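Scroll down for the structure; my scribbles are underneath it.
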Amino acid sequence: MGDMTVFARNNKETTDYTDLLAGSVNPCKSVSDIEIARRAFLKRAAAGAAGLAGFPYLVRSSALGKEGSVAASERIVMGCIGVGGQGTGNMRGFLGKKQVQVVAVCDVDAKQRDQAKKIVDDRYKNGDCKTYVDFREVIDRKDIDALSLAMPDHWHSIPVVMAARAGKDMYGEKPLARTIYEGQVMRDAVNRYGRIWQTGSWQRSVHDFHRACELVRNGRIGKVHTVEVGLPTGGGTGNRPVQPVPDGVNWDFWLGPAPWVPFRGVMHWDWRWMMDYSGGQLTDWAGHHIDIAHWGLGLDLTGPVEIEGKGVYPKDGIFNVPTEYKFTCKYADGLTMIVANDRQQPKGMGAVWYGENGWIHVDRGRFQASSDKILQEVIGPNEIRLYQSNDHQQNFVDCVKSREKTITPIEVAHRSISVGLLGEIAMLLGRKLRWDPDKEQFVSDDMANRMLRRPMRSPWHL
Amino acid sequence: MNKRSKVISAGLLIVWCLSLAANISCAAVSEDEIQKMEQAMPAKPIRPPEKPRKILVFNLCNGFKHSSIPYWDKALETMGKKTGAFQAEVSNDMSAFSAENLAKFDAVCLNNTTGLKFNQSQREALMNFIKGGKGIIGIHAATDNFYDWPDAAKMMGGQFSGHPWGGGGTWAIKIDEPSHPLTAAFKGKGFKVKDEIYRTAAPFYSRAEQLVLMSLDMTDQATRKQAEKDSDTDTGITWVKTFEKGRVFYCSLGHNNDLTWDPAILQHYLAGIQFALGDYKVDTKPKAPASGQGTSTVSSGKGSEMDELLAKVKTYDWGQSRLPLTEVSDKIREAYGEPAKLKETEKSLIAVLASDATYAGKQFVCRELSIIGTEQSVPALAKMLADEKLSDMARYALERIPGAAVDAALREAMAKTAGKVKVGIMNSLGERRDAKAAAALCKLIGDSDEMVACAAAAALGKIGGPQATEAMAKAKGTASGRLQMVVLDAYLKCADKLAAEGKKKEANAIYKELYEPDMPAVIRTAALRGMVGTTGGKQK
């Protein structure tokens, strides 16, 4: 875990240091100041991982000058990269927040770009919103504090790594990354530079999911032995002919790091049915229900030790992600997680935890348990309280100001999608795989380890 | 599941009494409207019927009752009369589903029926009717039935589970099968329609079970916006299937009355009905095979069969069926765990690279080699590295193949290439953490091309080590623009690497350099974090 990123805010021992960083004292030059901070950090770390969420980043970049951080009284200046369906939806959410000012929209499709600019300009009743094709120009803008990111999965990692080192805070869409390696690099970059990151796994900010996870975490169904995660079933299609690239679309840029292929009509939305860009319904939804399953178990900073499963892949047609899939993950403590498309799960969509004293099932609009008594349970004052947010985007805005961790920080999002990506690899290879969740490597399986990363088309790199 | 039928149930009683009277009659359709229908109706059948055909048009509703029912009753009657393709007989009496009665018909049309309940003998009669070679036609709410009879829901190919796209909106339809005869009415072009669209959820709706001819077009913003679930992205509009010897035709359009005088919609229905009647023979093969289906016709292991398949790969191009590609991949997957067999296959794949195969074919081969390739593949792939078009795919394979031979080939190619090709190779060396490439990469930090300089710094940040560290220390003061942040980032990573190796003192010195006040704030943040981690404690 990125243990260097958290620090006790109200710990007496650190107060001086925090003041120092906050600018009320000259920046530390002597080793002894650092030593104080280090000891305080180690003390906190020794106290255990529970309750780490909510503590601020050790280093508040505001302490180091105005650049790179937003004062509590100021508006967050935001750029939106990727303004298709999801990106525009997220952008509208931010436009509705008084603490945010959207100043730039970026997309490789002129139609989406212009439409997004119009939405922003209509909102602010001016014509100020700038448009970009190249996200690097948005990142270059020093006046921008934060980014809202919603590109296809194969475009998730590169902008995040660049933006992190340019000091931007980010709200980024799930699933975190197309490969496990990209997720690692993103996590390391965001944490190295102390950036605020929120993943679009918004179910964490919805009551039913939060409540279900708190009940499970506090043992209301006893020790959990099995978890079922139900995700949507996919579909295939025909072979599409090569077509002219639509006007206003920069196809080469859309492909970015993915292998070059001609345009065949698959771009917005439908990219998620092609393995170069996505893992299909499985990876699309791993960032939701697997994320919730992990949260309820307190396993969101680790992963399984064994994965085995089977997928059904379209034999023909342009789409090639699995339509049906089912895989089983074993965790170190003996827990079994079964991830499958809804048709192959007894309770369909959602996360179901089975414990020695009952079960709890949560899905969008569904929240049930083996007995009503479980649902009425009260969580006591000394029990585990999970991070609470009732507005996922507001949580990001608040954290940008407070420099505290969001409800879905990057290391957590990385572990959520990792399960989906591990399942994808196990199904593609068709064999049982052993995984070391600490080293994040398969155990003695060269072929599987090759699949942890993908070579990128030039000139793109991490 | 069917929320609407619950909502409606309160008011249903009154409506029901009224509706009973109107159930069969076409009283609701005005003369004017009938005239419009007659005018819009195709003049002749798509195919002349092989013999006189008769359809049982059934319209009973135990749930929601669509106001368009009398319109479709009338439209089908008119269609049959005007084209001569069939004769329609309307009924709402469940006793129509007896073996003797059904024997009079060539197809059953469920005209917006809802919540139909069949007893055992009625079930058998209908199923035997269809399985025995007759047809079933579904209009709009035909999928809002069979909640207690999954076999029938499966036969229909879908079951109502909401309608996020309301009848007041205009939604985009895409033609999934533009060359299929049943979509000829739309001339292969997607269109927009004002109608209510049913979500027909899995498992009954499945592209593996039926041939979907049209579906909602999610590239349309308005249509896309209504989608509530990810599965809504595949919402079928029209589909056909062969069910044992019988034929199924379903079309989701038909909620709003005015579709019954839309010429293209009527033409589409006529074609579908004639298919269901058995007069119009069309392809019904699903595009996505079901599990266990589509097993390879070629058994694994025999070189000649693989070579036959690879001959097809050589001529493969985008847009064509990728079935031969899938068969090759499946064969390779079957051979996982058998190194000798994989080596043989690898040889055959390499031969494709050396041939005049298409770019698409070679790309496919590189994707496979990227997983199963060994040093055996290196010479063939290395030859492609300098080729502007093939270089990226050669790297796609090489970057993931272990072994010093790969590193050597990449280094050699880096020296001989320029621009984007060179940058790609530099990136691969960085990803491979090839320490032997460090010296050459160090020289490239000063390249006048920013793309090359940035790639060099990024690669060195990944490789680390004394040469990289020294180069970053030098470049730190001179780099500007985008290169500056890449260099500082790489320098931080060099320090991180030293710290991880236990060389805390050396690492700490770098962090201190990067914590100087003239450094960008974000770099100072990272440097300070590094200092905290490397101050105090035992030094190695």
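Letters A, B, ... go to the chains of the structure tokens in the order shown; residues in each chain start at 1; ligands are counted from 1 in the same order.
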
Residue neighbourhood stretch 113-119 of chain A, 7 Å, only C-alpha atoms, exclusion window fewer than 3 positions, as a PyMOL selection string:
chain A and resi 83+88+105-107+109-110+122-123+129+131

Picked from stretch 239-292 of chain B by DSSP as alpha helix (DSSP H), as a PyMOL selection string
chain B and resi 263-277

Requested write-out: C-alpha atoms of the selected residues, as a tab-separated table (two decimals), in the first residue's frame:
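To be explicit, this is the file written out as again-v7.tsv:
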chain	number	residue	atom	x	y	z
B	263	PRO	CA	-44.49	2.65	-45.39
B	264	ALA	CA	-41.01	1.44	-44.36
B	265	ILE	CA	-42.22	-0.08	-41.09
B	266	LEU	CA	-45.07	-1.84	-42.89
B	267	GLN	CA	-42.71	-3.12	-45.58
B	268	HIS	CA	-40.41	-4.42	-42.83
B	269	TYR	CA	-43.29	-6.19	-41.09
B	270	LEU	CA	-44.50	-7.70	-44.36
B	271	ALA	CA	-41.06	-9.16	-45.02
B	272	GLY	CA	-40.86	-10.52	-41.47
B	273	ILE	CA	-44.35	-11.99	-41.61
B	274	GLN	CA	-43.65	-13.69	-44.93
B	275	PHE	CA	-40.50	-15.13	-43.38
B	276	ALA	CA	-42.53	-16.43	-40.42
B	277	LEU	CA	-45.09	-17.89	-42.82

Using only C-alpha atoms, which residue out of B:Tyr396, B:Trp149, B:Trp171, B:Phe249 lies closest to chain A?
B:Tyr396

Fewer than 5 positions away in the same chain doesn't count, so skip those; otherwise give me all residues within 6 Å of stretch 317-332 of chain A, counting only C-alpha atoms, as a list in words.
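Listed by chain and then number, they are Thr233, Gly234, Gly235, Gly236, Thr237, Gly238, Asn239, Trp273, Met274, Met275, Gly279, Gly280, Pro304, Val305, Glu306, Ile307, Glu308, Gly309, Lys310, Gly311, Val312, Met337, Ile338, Val339, Ala340 and Asn341 of chain A.
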
Write the selection just made, keeping C-alpha atoms, as a compact mmCIF listing (two decimals), in the first residue's frame?
# COMPACT_ATOMS: atom_id res chain seq x y z
CA THR A 233 -23.80 -10.45 -19.91
CA GLY A 234 -22.21 -9.30 -23.15
CA GLY A 235 -23.17 -9.66 -26.81
CA GLY A 236 -21.54 -10.08 -30.18
CA THR A 237 -22.06 -8.51 -33.56
CA GLY A 238 -21.13 -8.93 -37.20
CA ASN A 239 -17.99 -8.08 -39.10
CA TRP A 273 -16.55 -4.77 -26.72
CA MET A 274 -13.04 -4.94 -28.19
CA MET A 275 -10.10 -6.29 -26.24
CA GLY A 279 -12.33 -6.19 -21.33
CA GLY A 280 -16.08 -5.92 -21.96
CA PRO A 304 -6.65 -13.11 -4.58
CA VAL A 305 -3.97 -15.79 -4.52
CA GLU A 306 -5.57 -18.13 -7.04
CA ILE A 307 -7.76 -17.51 -10.09
CA GLU A 308 -9.44 -19.95 -12.45
CA GLY A 309 -12.30 -19.57 -14.88
CA LYS A 310 -13.89 -19.83 -18.26
CA GLY A 311 -15.14 -17.32 -20.79
CA VAL A 312 -17.21 -17.63 -23.94
CA MET A 337 -15.05 -14.96 -4.70
CA ILE A 338 -17.03 -16.04 -7.73
CA VAL A 339 -17.31 -13.44 -10.47
CA ALA A 340 -19.67 -14.17 -13.36
CA ASN A 341 -22.12 -12.61 -15.76

Grab the atom CA of B:Asp73 to atom CA of B:Val90 distance for me, in Å with one decimal place.
6.9 Å

Please provide as an MDAnalysis selection string all residues within 12 Å of B:Phe58, with the sequence filter that same-chain residues fewer than 6 positions apart are discarded (counting only C-alpha atoms).
chainID B and resid 23:24 69:70 72:73 76 88:97 102 107:114 116 136:139 141:142

Would you output that residue set with C-alpha atoms, as a tab-separated table (two decimals), in the first residue's frame?
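Below is the file result24.tsv, written as the result:
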chain	number	residue	atom	x	y	z
B	23	ASN	CA	-60.92	-6.03	-27.73
B	24	ILE	CA	-61.68	-7.36	-31.15
B	69	ILE	CA	-53.85	-3.00	-30.76
B	70	PRO	CA	-56.88	-2.21	-32.97
B	72	TRP	CA	-52.35	-3.43	-35.81
B	73	ASP	CA	-55.40	-5.69	-36.12
B	76	LEU	CA	-52.60	-6.81	-40.68
B	88	ALA	CA	-55.64	-12.50	-40.88
B	89	GLU	CA	-58.07	-13.80	-38.30
B	90	VAL	CA	-58.29	-11.86	-35.04
B	91	SER	CA	-59.01	-13.48	-31.68
B	92	ASN	CA	-58.68	-12.86	-27.96
B	93	ASP	CA	-59.94	-16.25	-26.85
B	94	MET	CA	-57.37	-18.52	-25.19
B	95	SER	CA	-59.22	-21.57	-26.51
B	96	ALA	CA	-57.76	-20.65	-29.89
B	97	PHE	CA	-54.60	-22.38	-28.68
B	102	LEU	CA	-53.98	-23.98	-34.70
B	107	ALA	CA	-48.44	-18.51	-38.07
B	108	VAL	CA	-49.56	-16.90	-34.83
B	109	CYS	CA	-49.11	-13.17	-34.38
B	110	LEU	CA	-49.05	-11.83	-30.82
B	111	ASN	CA	-50.35	-8.30	-31.29
B	112	ASN	CA	-49.22	-6.49	-28.14
B	113	THR	CA	-50.52	-9.23	-25.87
B	114	THR	CA	-49.53	-8.89	-22.21
B	116	LEU	CA	-50.77	-14.30	-21.34
B	136	ILE	CA	-44.71	-16.86	-34.65
B	137	ILE	CA	-44.75	-13.09	-35.11
B	138	GLY	CA	-44.34	-10.69	-32.20
B	139	ILE	CA	-45.38	-7.04	-32.25
B	141	ALA	CA	-45.51	-6.10	-26.26
B	142	ALA	CA	-45.36	-9.68	-27.49

Give me the residues within 8 Å of stretch 315-326 of chain B as a VMD selection string, counting only C-alpha atoms and dropping any in the same chain fewer than 3 places off.
(chain A and resid 239 to 242 262 264 315 to 318) or (chain B and resid 309 to 312 329 to 330 357 to 361 364)

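Across stretch 88-226 of chain A, DSSP run on the backbone finds strand (DSSP E) at Val100, Gln101, Val102, Val103, Ala104, Val105, Cys106, Lys130, Thr131, Tyr132, Ala146, Leu147, Ser148, Leu149, Asp169, Met170, Tyr171, Gly172, Trp197, Gln198, Thr199, Val224, His225 and Thr226 of chain A.
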
Contacts of B:Ala473 within 9 Å, only C-alpha atoms, excl. fewer than 6 positions in-chain, as a ChimeraX atom specification:
/B:487-488,491,510

Would you list the contacts of B:Gly133 as a ChimeraX atom specification, taking every protein, DNA or RNA residue within 10 Å and counting only C-alpha atoms, but skipping same-chain residues closer than 3 positions in sequence?
/B:106-107,128-130,242-247,276-278

Tell me, in Å to one decimal, how far atom CA of B:Ala455 is from atom CA of B:Leu441.
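Going from atom CA of B:Ala455 over to atom CA of B:Leu441 covers 8.8 Å.
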
What gap, in Å, lies between atom CA of B:Arg333 and atom CA of A:Lys439?
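Result for atom CA of B:Arg333 versus atom CA of A:Lys439: 26.7 Å, one decimal.
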
Would you mind telling me which residue in B:Glu470, B:Glu38, B:Glu124, B:Asp496 lies nearest to chain A when using only C-alpha atoms?
B:Asp496
